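Reviewing the structure listed below.
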Amino acid sequence: MGLATYSGDSMYSGSTATTNLTVTKATTPFTASATPPSVAYGTSSTLAESGLPGGATGTVTFASGTTTLCTATLPATSCSTSTTLRAGSYAVTVTYSGDSNYASSTATTNLTVTPAATTTTVTSSQNPAAPNQSITYAAQVSPNPGSSSVTFTDNGVAIGGCTAVPIDPTTGKATCSTTYPGAGTHTISAAFNGNANYQVSSAPTSGVDALTETVQPAVGVPVTGSSGPASLAGLFGGVLGGLGVLSLIGAAFMQRDSYLEGEK
């Protein structure tokens with residue numbers, strides 16, 4: 001309520017009157033934005049408001065459904081989303097809390113989080129290898145996706161027992177063992193099967209980064225026999241045979257010498 005007072009003068013006495021005045025909170029239309037509007041999982045986006053009065057106080061809350069993405073306290077006009085915000089599309093409602101002079105209000109914007117790209121590499125525990133030798137292949141997915149699986153292939157064909165091998169959530173690695181019965185070469189690859197936050201990827205099958213597993217022929221061990229090294233008996237027989245020949249030659253020379261002596 002307002003009171004109006006007339007002071008009076010030399011001819012008129014003073015007097016008063018009343019009236020009412022209401023000052024309402026100022027309206028606060030504003031807009032909201034996400035910069036960038038689309039980010040890969042593991043990356044943050046900046047959510048911001050624009051248009052609130054400079055003298056306004058209070059908070060601006062950015063939320064999607066019942067999930068609060070971030071909150072800015074005026075005079076700050078923006079805040080950043082978490083890098084662990086799952087991949088998906090987010091309809092963002094932005095709420096200004098209002099204060100004693102400014103009314104609360106809302107605005108909307110949109111944010112998209114896409115699955116992050118990955119790379120997969122594969123290594124061998126034994127290369128070259130021998131037939132029937134156990135070989136362990138290890139696939140490393142980067143960045144560590146924390147879940148999902150890897151399928152190992154040999155020349156494009158899945159290796160038996162090596163499909164959908166779970167990833168170790170602490171290392172981002174999956175391993176699998178196999179053997180090959182004979183000699184040959186094998187182009188080995190590993191395919192990460194992806195999950196909600198990370199894209200699929202595969203180890204290269206050509207170029208310097210490709211893994212070519214070489215299985216070398218088995219090394220033969222010589223066996224004695226008709227086509228192998230001579231036995232000790234055969235060796236000694238040869239030596240004795242040689243000595244016998246020498247003996248016959250010596251006897252012939254002795255007979256020749258005796259004949260010549262007789263002629264004299």
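Convention: chains lettered A, B, ... in structure tokens order; per-chain residue numbering from 1; ligands numbered from 1 as shown.
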So that I can see what lies close to A:Tyr102, please list as a list in words the residues with an atom at most 12 Å from it, counting only C-alpha atoms and leaving out residues fewer than 4 positions away in the same chain. Val23, Thr24, Lys25, Ala26, Thr27, Thr28, Pro29, Leu52, Pro53, Gly54, Gly55, Ala56, Thr57, Gly58, Thr59, Tyr96, Ser97 and Gly98 of chain A
Distance query A:Ser15 at most 7 Å, only C-alpha atoms, self and fewer than 2 positions along chain excluded, as a ChimeraX atom specification: /A:5-7,13
Atomic separation - atom CA of A:Ala164 relative to atom CA of A:Tyr41, Å: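 Answer for the atom CA of A:Tyr41 to atom CA of A:Ala164 separation: 23.4 Å.
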Stretch 11-259 of chain A: which residues are helix (DSSP H, G or I) by DSSP, as an MDAnalysis selection string? chainID A and resid 232:259
When DSSP works through the backbone of this structure, what residues of stretch 55-198 of chain A end up as strand (DSSP E or B), shown as a ChimeraX atom specification? /A:59-64,67-73,78-80,88-96,102,105-114,116,119-124,129,135-142,149-154,157-158,165-166,168,173-178,184-192,198
Closest pair table for stretch 73-93 of chain A residues within 9 Å of stretch 184-197 of chain A, only C-alpha atoms, as a tab-separated table:
```
residue	atom	partner	partner_atom	distance
A:Arg86	CA	A:Asn197	CA	6.4
A:Ala87	CA	A:Asn197	CA	5.4
A:Gly88	CA	A:Ala196	CA	8.8
```
Would you save the residues from that selection as a PDB file, in the first residue's frame, using C-alpha atoms?
```pdb
ATOM      1  CA  ARG A  86      26.427 -42.336 -22.584  1.00  0.00           C
ATOM      2  CA  ALA A  87      25.935 -42.299 -26.324  1.00  0.00           C
ATOM      3  CA  GLY A  88      22.441 -41.224 -27.359  1.00  0.00           C
TER       4      GLY A  88
END
```
Report, in Å with one decimal, the straight-line distance from atom CA of A:Leu74 to atom CA of A:Thr109. 19.1 Å
Of the listed residues A:Cys70, A:Leu3, A:Val208, A:Ala138, that which approaches A:Asp168 most closely, counting only C-alpha atoms: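 Of the candidates, the smallest distance to A:Asp168 is held by A:Ala138.
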